[in-house]
Every structure is written in C-alpha cells, then in structure tokens.
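Novice: Structure incoming, see below.
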Amino acid sequence: MKISCSQSALLNSVNVVSKAVPSKTTMPILECILLKTENGVMKLTASNMDLGIESIVSDGAIEEEGYVALDAKLFSDVVRNLPSETVFLESDDQFHTVIRCGKAEYKIIGKSGQDFPKLPILKIDEPVVLSQLSLKNIIQQTSFAAAINEANKMMTGVYLEVHGNQMKMVALDGHRISIRVIELKQSYPDHKVVIPGKSLNEINKNLSSEMNDEAQIFFTENQMIVDIENTTMVVRLIEGEYFNYEQMITDQFNTKILVNRRDLMESINRATLLVKEGEKKPVIVNITDDMIELMGNSAVGSMKEDIQVLKEGEDLMIGFNPRFLMDALRVIDDDEISLYLMNSKSPVFIKNDDETYNYIILPVNFTNQR
C-alpha cells in the first residue's frame, strides 16, 4: 500500500475511529486501527465488537492499494505529533510500514488486516434523518441514567423508539428514569431497539453541534448504523424486551412546585459541599407554602437554604440522592421547572407540560435532623 494525505485529514479520521478502540481486549487485532484502500478511497476502521467506526480520509491520494493494521495508540501518537504537512505512508507485503512527513520518518511493524473484523454495513430500509445536533442532544439528555454495572445488561442500554414523526429515548438504572421525545421532520416506520449506552456515548462524541449537519440512522435486525459525513458507525444492539417503564408513569400527584432551575441547582451544589466524595448523604427537601427548605447534613456539619417556589397541594418532606437530581437538572433547558410529588416514598417527576422530557427519581430514606 502506498498513500498520501494531509496530516490534518489523517488526524481527524484517527480521532474519529479511536473512539471504537477497546481499552481492554483478548483479541490483539482490536488494539489496531485498520488502514485500507478500496475503489480509490482511503478508509480507517476500528472496532471493539460492540461498536465499529469507519472513517474516510477526505483528501487521500492512492498510489498503490492495500491494507495494514497498526497499533492504535502508537499510530495515533505518531500522527498527532507530525508536522502539518503531507503524510506519505507505505507498507510492504510483510506489513512493515514507513510514515514520512516533513523531515520526520517512522518505521512501524504492522499486522495483516485480514484478521480484522469486517463491519457488516447493510443498509436496507429508508434511513431516519435528523440533524446531528438533535441526535447529540437527545443522547446527552438520556444516556446518563443508564446503568454502568453490567450485572443487568438491559439496564446498561438506552431504549430508542421511532413512531411516526417522533423519536423517543429512555434510560434507567433502577433509581431513576430519563425520557426524552423529539419531533422529526417526517414520519417513519416504527422502530424499537436497545442500544448499549457506552457505545451510544462514543457515537455522540463524533456528532457535530451544527444544526445543518445531517445524520442518517439505519436499522437492521441486530444493528443500528449511523451515517454522518465521511463516517459510518455500526453498533450491535442489545437483544431482548426493554423494561415496562411506562408503568412507573402516573398523573396522580398531591404536590406540585414550580421552581427556578438554576436556583435549585446552586442550592443543591452548596448543600453537597459538606459531603465527602463517596459519602452517601441525601439532600432533604422540605416543601411548605411558597417555599422549599433544602437541607444537607454530614459528619462535618449541616446546611440549610430557603428557595422561593410556587406550590400547589400538600406540604411534604422528602430526601434525594443529590447527584441524581443534578444530573437531570443539568440537561433541562427550561428556566422554570415543575416537580410533581405524591409522598415521601414515591418518586418525583420533573417534566414539562407537553412531556418532551420526563425525569423520574426515586427518593431515599433520611433521618430528620432539623
């Protein structure tokens, strides 16, 4: 293989595919990035078996076609530190690779790319089309609630549903549920899939924040394919039926409060200053007429703060994991938010009127030390 391209274009593709390189693996070939030329196009590919990413080098020039697999970390470090000039890369039939750029020259021992897993990119149905920004936002606004512990694999996934002209994402970990709904520009056939949260977050890192940049999503029986400019990302879906999260949703509430989101976030942050990292201490919310008293207690002291609210219904005292509250509040754009509560042992619902977002957080037990 004998190719050339700009250092910036090569580095961009390396950065894109590196998000699919596994941190640990029993398959040494997966520690590599595959460079391959095909039909006059230069591509880089990486895979961890759950997520595969393929990126086209935008200005690649091909003198001799071929392929080589290079250690991902080494190759990334080399490309990142090359001068901003044209990169010349050549590998022989033993996969010994020479990289030249400016006055720098590297000789790297590569591997055969034949052992590298091929991305089964099969695009059959009509794609679901939306802006990369919209896809990026809905991922960020839900995936944080997916479980990290793989004891229950389904909980580590994010449920995605397309119905008509709406896309919904749901994530939960047994303590909270995040639900987001966005409107699409047109209607599509129904799709219901569960995507590994970790893979979805890596996909998110490659998405643009520009509204005019488009993403196309294809679905197969066990894969979701996301196409953006010069990049294809293939994720293996989690098999099985997702949880019946809708049974947790209710319209029956005894208390509703309207509060300034930033005021509530800042107060929770101040309450947690007394809590050491790893210490599980709740914030206690005491709801009275037009006021909530937010309290934090720890071994080193206590804190109280009053926040002005608009309240409908009954007074209530309830405790929450402060991180779960903050995670939800951070991804809501509204200045004023509504919290709906039943009693001290039932979850709080943070949602807007048309329920384009709905965050459900279970309370925690607390000892009242007023």
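Every chain in the structure tokens has a letter given in the order shown (A, B, ...), and although residue numbers restart at 1 in each chain, ligands are simply numbered from 1 in the order shown.
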Can you pull out every residue within 9 Å of Gln186 (chain A), counting only C-alpha atoms, but drop anything in the same chain fewer than 4 positions away, and send it as a list in words?
Specialist: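 Residues meeting the cut-off are Val128, Val129, Gly164, Asn165 and Gln166 of chain A.
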Novice: DSSP on the backbone: which residues in region 6-54 of chain A end up as strand (DSSP E)? Give the answer as number ranges by chain.
Specialist: A: 6, 32-38, 41-47, 51-54
Novice: Please dump the current selection as a short mmCIF file (atom, residue, chain, number, x, y, z; two decimals), in the first residue's frame; keep N, CA, C and O atoms.
Specialist:
```cif
data_model
loop_
_atom_site.label_atom_id
_atom_site.label_comp_id
_atom_site.auth_asym_id
_atom_site.auth_seq_id
_atom_site.Cartn_x
_atom_site.Cartn_y
_atom_site.Cartn_z
N SER A 6 -3.11 14.81 3.80
CA SER A 6 -2.69 15.85 4.73
C SER A 6 -2.69 15.31 6.15
O SER A 6 -3.48 14.41 6.49
N CYS A 32 -5.69 -2.43 17.19
CA CYS A 32 -5.16 -1.75 15.99
C CYS A 32 -6.23 -0.92 15.30
O CYS A 32 -7.43 -1.11 15.48
N ILE A 33 -5.74 0.00 14.48
CA ILE A 33 -6.57 0.71 13.50
C ILE A 33 -6.23 0.13 12.13
O ILE A 33 -5.05 -0.01 11.78
N LEU A 34 -7.25 -0.23 11.39
CA LEU A 34 -7.06 -0.79 10.05
C LEU A 34 -7.04 0.33 9.03
O LEU A 34 -7.97 1.14 8.96
N LEU A 35 -5.98 0.39 8.24
CA LEU A 35 -5.90 1.30 7.09
C LEU A 35 -6.13 0.48 5.84
O LEU A 35 -5.45 -0.53 5.63
N LYS A 36 -7.06 0.90 5.03
CA LYS A 36 -7.39 0.13 3.84
C LYS A 36 -7.79 1.05 2.71
O LYS A 36 -8.48 2.04 2.91
N THR A 37 -7.34 0.71 1.51
CA THR A 37 -7.78 1.43 0.32
C THR A 37 -8.67 0.52 -0.50
O THR A 37 -8.40 -0.66 -0.67
N GLU A 38 -9.74 1.11 -1.01
CA GLU A 38 -10.70 0.31 -1.77
C GLU A 38 -11.46 1.22 -2.71
O GLU A 38 -12.01 2.25 -2.30
N VAL A 41 -10.66 4.86 -2.53
CA VAL A 41 -10.97 5.56 -1.28
C VAL A 41 -10.10 5.02 -0.15
O VAL A 41 -9.91 3.80 -0.02
N MET A 42 -9.58 5.91 0.66
CA MET A 42 -8.77 5.52 1.82
C MET A 42 -9.62 5.57 3.07
O MET A 42 -10.22 6.59 3.40
N LYS A 43 -9.68 4.43 3.78
CA LYS A 43 -10.54 4.32 4.96
C LYS A 43 -9.74 3.87 6.17
O LYS A 43 -8.81 3.07 6.06
N LEU A 44 -10.14 4.37 7.34
CA LEU A 44 -9.64 3.89 8.62
C LEU A 44 -10.80 3.24 9.36
O LEU A 44 -11.93 3.74 9.32
N THR A 45 -10.52 2.13 10.04
CA THR A 45 -11.56 1.40 10.75
C THR A 45 -11.05 0.94 12.11
O THR A 45 -9.90 0.53 12.24
N ALA A 46 -11.92 1.01 13.11
CA ALA A 46 -11.63 0.45 14.43
C ALA A 46 -12.89 -0.22 14.95
O ALA A 46 -14.02 0.15 14.56
N SER A 47 -12.72 -1.21 15.83
CA SER A 47 -13.89 -1.95 16.34
C SER A 47 -13.58 -2.55 17.70
O SER A 47 -12.45 -2.96 17.98
N LEU A 51 -19.08 -1.84 18.94
CA LEU A 51 -19.14 -0.62 18.14
C LEU A 51 -18.00 -0.66 17.12
O LEU A 51 -16.85 -0.90 17.47
N GLY A 52 -18.34 -0.42 15.87
CA GLY A 52 -17.34 -0.29 14.81
C GLY A 52 -17.48 1.05 14.14
O GLY A 52 -18.60 1.51 13.89
N ILE A 53 -16.35 1.71 13.87
CA ILE A 53 -16.38 3.03 13.22
C ILE A 53 -15.46 3.01 12.01
O ILE A 53 -14.31 2.58 12.11
N GLU A 54 -15.98 3.50 10.90
CA GLU A 54 -15.21 3.60 9.67
C GLU A 54 -15.21 5.05 9.22
O GLU A 54 -16.26 5.70 9.16
#
```
Novice: Report as a Markdown table the residues of region 221-272 of chain A within 8 Å of region 141-159 of chain A, each with its shortest atom pair and distance in Å (one decimal), using only C-alpha atoms, ordered by chain and increasing residue number.
Specialist:
```
| residue | atom | partner | partner_atom | distance |
| --- | --- | --- | --- | --- |
| A:Ile238 | CA | A:Met154 | CA | 7.0 |
| A:Gly240 | CA | A:Met154 | CA | 7.8 |
| A:Tyr242 | CA | A:Met154 | CA | 6.9 |
```
Novice: Hey, can you spit out that residue selection with N, CA and C atoms as a tab-separated table (two decimals), in the first residue's frame?
Specialist:
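Full text of selection.tsv as output:
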```
chain	number	residue	atom	x	y	z
A	238	ILE	N	-28.62	-4.53	21.85
A	238	ILE	CA	-28.88	-5.46	22.94
A	238	ILE	C	-30.18	-6.20	22.63
A	240	GLY	N	-33.50	-8.50	23.33
A	240	GLY	CA	-34.46	-8.70	24.41
A	240	GLY	C	-35.46	-7.56	24.51
A	242	TYR	N	-37.27	-4.47	26.34
A	242	TYR	CA	-36.92	-3.43	27.31
A	242	TYR	C	-37.96	-3.39	28.43
```
Novice: Between A:Asn365, A:Ser18, A:Asn12, A:Asn137, which one has atoms that come closest to Lys73 (chain A), using only C-alpha atoms?
Specialist: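 Among the listed residues, the smallest separation from Lys73 (chain A) belongs to A:Ser18.
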Novice: Identify all residues of region 191-308 of chain A in helix (DSSP H, G or I) (DSSP on the backbone) and supply them as JSON, numbers by chain.
Specialist: {"A": [197, 198, 199, 200, 201, 202, 203, 204, 205, 245, 246, 247, 248, 261, 262, 263, 264, 265, 266, 267, 268, 269, 270, 271, 272, 273, 274]}
Novice: So that I can see what lies close to Asp289 (chain A), please list as a short mmCIF file (atom, residue, chain, number, x, y, z; two decimals) with N, CA, C and O atoms, in the first residue's frame the residues with an atom at most 8 Å from it, counting only C-alpha atoms and leaving out residues fewer than 5 positions away in the same chain.
Specialist:
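Saved to result_28.cif:
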```cif
data_model
loop_
_atom_site.label_atom_id
_atom_site.label_comp_id
_atom_site.auth_asym_id
_atom_site.auth_seq_id
_atom_site.Cartn_x
_atom_site.Cartn_y
_atom_site.Cartn_z
N LEU A 310 -43.46 28.29 43.70
CA LEU A 310 -44.91 28.32 43.65
C LEU A 310 -45.40 26.90 43.92
O LEU A 310 -45.00 25.97 43.22
N LYS A 311 -46.25 26.74 44.94
CA LYS A 311 -46.66 25.40 45.33
C LYS A 311 -48.16 25.22 45.17
O LYS A 311 -48.95 26.12 45.47
N ASP A 315 -48.08 20.03 51.84
CA ASP A 315 -46.70 20.13 52.30
C ASP A 315 -46.08 18.74 52.28
O ASP A 315 -46.77 17.72 52.40
#
```
Novice: With 7 Å as the cut-off and only C-alpha atoms counted, what is the closest atom pair between each nearby residue of region 87-166 of chain A and region 201-211 of chain A? Distances in Å to one decimal, ordered by chain and number, as JSON lines.
Specialist:
```
{"residue": "A:Ser131", "atom": "CA", "partner": "A:Met211", "partner_atom": "CA", "distance": 5.6}
{"residue": "A:Gln132", "atom": "CA", "partner": "A:Ser208", "partner_atom": "CA", "distance": 5.6}
{"residue": "A:Leu133", "atom": "CA", "partner": "A:Ser209", "partner_atom": "CA", "distance": 4.7}
{"residue": "A:Lys136", "atom": "CA", "partner": "A:Asn204", "partner_atom": "CA", "distance": 5.6}
{"residue": "A:Ile139", "atom": "CA", "partner": "A:Asn204", "partner_atom": "CA", "distance": 7.0}
```
Novice: Any idea what's packed within 12 Å of region 293-305 of chain A, counting only C-alpha atoms, ignoring anything in its chain fewer than 5 positions away? Could you give it as JSON, numbers by chain?
Specialist: {"A": [263, 264, 265, 266, 267, 268, 269, 270, 271, 272, 273, 274, 275, 276, 277, 279, 280, 281, 282, 283, 284, 285, 286, 287, 288, 315, 316, 317, 318, 319, 320, 321, 322, 366, 367, 368, 369, 370]}
Novice: Output N, CA and C atoms of each residue in that selection to a file, as a compact mmCIF listing (two decimals), in the first residue's frame.
Specialist:
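To be explicit, this is the file written out as again-v8.txt:
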```txt
# COMPACT_ATOMS: atom_id res chain seq x y z
N ASP A 263 -31.59 28.23 40.47
CA ASP A 263 -31.60 28.42 41.92
C ASP A 263 -31.53 27.07 42.64
N LEU A 264 -32.31 26.10 42.15
CA LEU A 264 -32.33 24.79 42.77
C LEU A 264 -30.98 24.09 42.60
N MET A 265 -30.38 24.17 41.42
CA MET A 265 -29.09 23.54 41.18
C MET A 265 -28.01 24.13 42.09
N GLU A 266 -27.98 25.45 42.20
CA GLU A 266 -26.96 26.10 43.01
C GLU A 266 -27.12 25.75 44.48
N SER A 267 -28.36 25.64 44.93
CA SER A 267 -28.61 25.29 46.32
C SER A 267 -28.17 23.85 46.61
N ILE A 268 -28.49 22.93 45.70
CA ILE A 268 -28.06 21.54 45.87
C ILE A 268 -26.54 21.45 45.89
N ASN A 269 -25.89 22.21 45.01
CA ASN A 269 -24.43 22.21 44.97
C ASN A 269 -23.85 22.70 46.29
N ARG A 270 -24.44 23.74 46.87
CA ARG A 270 -23.95 24.25 48.16
C ARG A 270 -24.16 23.23 49.27
N ALA A 271 -25.27 22.51 49.20
CA ALA A 271 -25.57 21.52 50.24
C ALA A 271 -24.59 20.35 50.22
N THR A 272 -24.05 20.05 49.04
CA THR A 272 -23.15 18.90 48.94
C THR A 272 -21.69 19.26 49.22
N LEU A 273 -21.40 20.53 49.49
CA LEU A 273 -20.03 20.92 49.81
C LEU A 273 -19.54 20.27 51.10
N LEU A 274 -20.47 19.92 51.97
CA LEU A 274 -20.10 19.32 53.26
C LEU A 274 -19.94 17.80 53.18
N VAL A 275 -20.26 17.24 52.02
CA VAL A 275 -20.25 15.79 51.88
C VAL A 275 -18.96 15.35 51.20
N LYS A 276 -18.25 14.43 51.81
CA LYS A 276 -17.02 13.90 51.22
C LYS A 276 -17.35 13.00 50.04
N GLU A 277 -16.41 12.93 49.08
CA GLU A 277 -16.60 12.10 47.90
C GLU A 277 -16.79 10.64 48.31
N GLU A 279 -19.30 9.55 50.01
CA GLU A 279 -20.21 9.51 51.16
C GLU A 279 -21.65 9.66 50.66
N LYS A 280 -22.50 8.72 51.00
CA LYS A 280 -23.87 8.72 50.51
C LYS A 280 -24.78 9.46 51.50
N LYS A 281 -24.91 10.75 51.26
CA LYS A 281 -25.76 11.59 52.10
C LYS A 281 -26.82 12.26 51.23
N PRO A 282 -28.09 12.16 51.61
CA PRO A 282 -29.14 12.77 50.78
C PRO A 282 -29.27 14.27 51.01
N VAL A 283 -29.89 14.94 50.07
CA VAL A 283 -30.38 16.28 50.33
C VAL A 283 -31.85 16.12 50.73
N ILE A 284 -32.25 16.88 51.72
CA ILE A 284 -33.63 16.80 52.22
C ILE A 284 -34.38 18.04 51.75
N VAL A 285 -35.52 17.82 51.15
CA VAL A 285 -36.33 18.91 50.61
C VAL A 285 -37.62 18.99 51.41
N ASN A 286 -37.79 20.10 52.13
CA ASN A 286 -38.99 20.32 52.93
C ASN A 286 -39.85 21.36 52.22
N ILE A 287 -41.00 20.92 51.70
CA ILE A 287 -41.85 21.78 50.89
C ILE A 287 -42.98 22.34 51.75
N THR A 288 -43.02 23.67 51.83
CA THR A 288 -44.10 24.34 52.56
C THR A 288 -44.69 25.41 51.63
N ASP A 315 -48.08 20.03 51.84
CA ASP A 315 -46.70 20.13 52.30
C ASP A 315 -46.08 18.74 52.28
N LEU A 316 -44.75 18.70 52.17
CA LEU A 316 -44.09 17.40 52.02
C LEU A 316 -42.61 17.54 52.35
N MET A 317 -42.04 16.52 53.01
CA MET A 317 -40.61 16.43 53.22
C MET A 317 -40.11 15.13 52.59
N ILE A 318 -39.03 15.23 51.80
CA ILE A 318 -38.56 14.09 51.03
C ILE A 318 -37.05 14.19 50.83
N GLY A 319 -36.37 13.05 50.70
CA GLY A 319 -34.92 13.05 50.52
C GLY A 319 -34.53 12.46 49.17
N PHE A 320 -33.44 12.98 48.60
CA PHE A 320 -32.96 12.51 47.30
C PHE A 320 -31.45 12.38 47.27
N ASN A 321 -30.97 11.49 46.42
CA ASN A 321 -29.56 11.46 46.08
C ASN A 321 -29.26 12.74 45.29
N PRO A 322 -28.39 13.61 45.78
CA PRO A 322 -28.19 14.91 45.11
C PRO A 322 -27.64 14.77 43.69
N PHE A 366 -34.15 9.07 54.94
CA PHE A 366 -33.31 10.04 55.65
C PHE A 366 -33.78 10.13 57.10
N THR A 367 -32.89 10.60 57.96
CA THR A 367 -33.22 10.86 59.35
C THR A 367 -33.38 12.37 59.50
N ASN A 368 -34.52 12.78 59.95
CA ASN A 368 -34.79 14.22 60.07
C ASN A 368 -34.00 14.78 61.25
N GLN A 369 -33.01 15.66 60.94
CA GLN A 369 -32.20 16.26 61.98
C GLN A 369 -32.32 17.78 61.89
N ARG A 370 -33.49 18.25 62.02
CA ARG A 370 -33.74 19.71 61.89
C ARG A 370 -33.28 20.45 63.12
```
Novice: Which of these residues is nearest to Asp59 (chain A), using only C-alpha atoms: A:Asn15, A:Asp93, A:Leu341, A:Gln7?
Specialist: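 Going through A:Asn15, A:Asp93, A:Leu341, A:Gln7 one by one, the smallest distance to Asp59 (chain A) is for A:Gln7.
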Novice: With only C-alpha atoms as the counted atoms, please give the residues lying no more than 7 Å from Pro347 (chain A), apart from itself and same-chain residues fewer than 4 positions off, as a count of residues only.
Specialist: 5
Novice: For each of A:Ser4, A:Gln223, A:Asn352, A:Thr255, take the minimum atom-to-atom distance to Glu312 (chain A), counting only C-alpha atoms, then give the residue where this is smallest.
Specialist: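 Ranking A:Ser4, A:Gln223, A:Asn352, A:Thr255 by distance to Glu312 (chain A), first place goes to A:Thr255.
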Novice: Considering only C-alpha atoms, return as number ranges by chain whatever protein or nucleic-acid residues lie within 12 Å of Gly40 (chain A), sequence-local ones (same chain, fewer than 6 positions apart) excluded.
Specialist: A: 2-3, 56-66
Novice: Give me the residues near region 224-231 of chain A as number ranges by chain, where near means some atom within 9 Å (using only C-alpha atoms) and where sequence neighbours in that chain fewer than 3 positions away do not count.
Specialist: A: 13, 16-17, 53-58, 121-123, 132, 193, 195, 203, 206-207, 213-221, 234-237
Novice: Please, what distance in Å, to one decimal, runs between CA of Ala328 (chain A) and CA of Glu355 (chain A)?
Specialist: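 Pair CA of Ala328 (chain A) / CA of Glu355 (chain A) returns 14.3 Å.
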Novice: Looking at only C-alpha atoms, which of A:Pro28, A:Leu74, A:Ser84, A:Ala171 is the one that sits closest to Lys198 (chain A)?
Specialist: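 Ranked by minimum distance to Lys198 (chain A), first place goes to A:Ala171.
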Novice: Pick out the closest residue to Ser199 (chain A) from this set: A:Leu70, A:Cys5, A:Met233, A:Leu119. Count only C-alpha atoms.
Specialist: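 Nearest candidate to Ser199 (chain A) out of A:Leu70, A:Cys5, A:Met233, A:Leu119: A:Met233.
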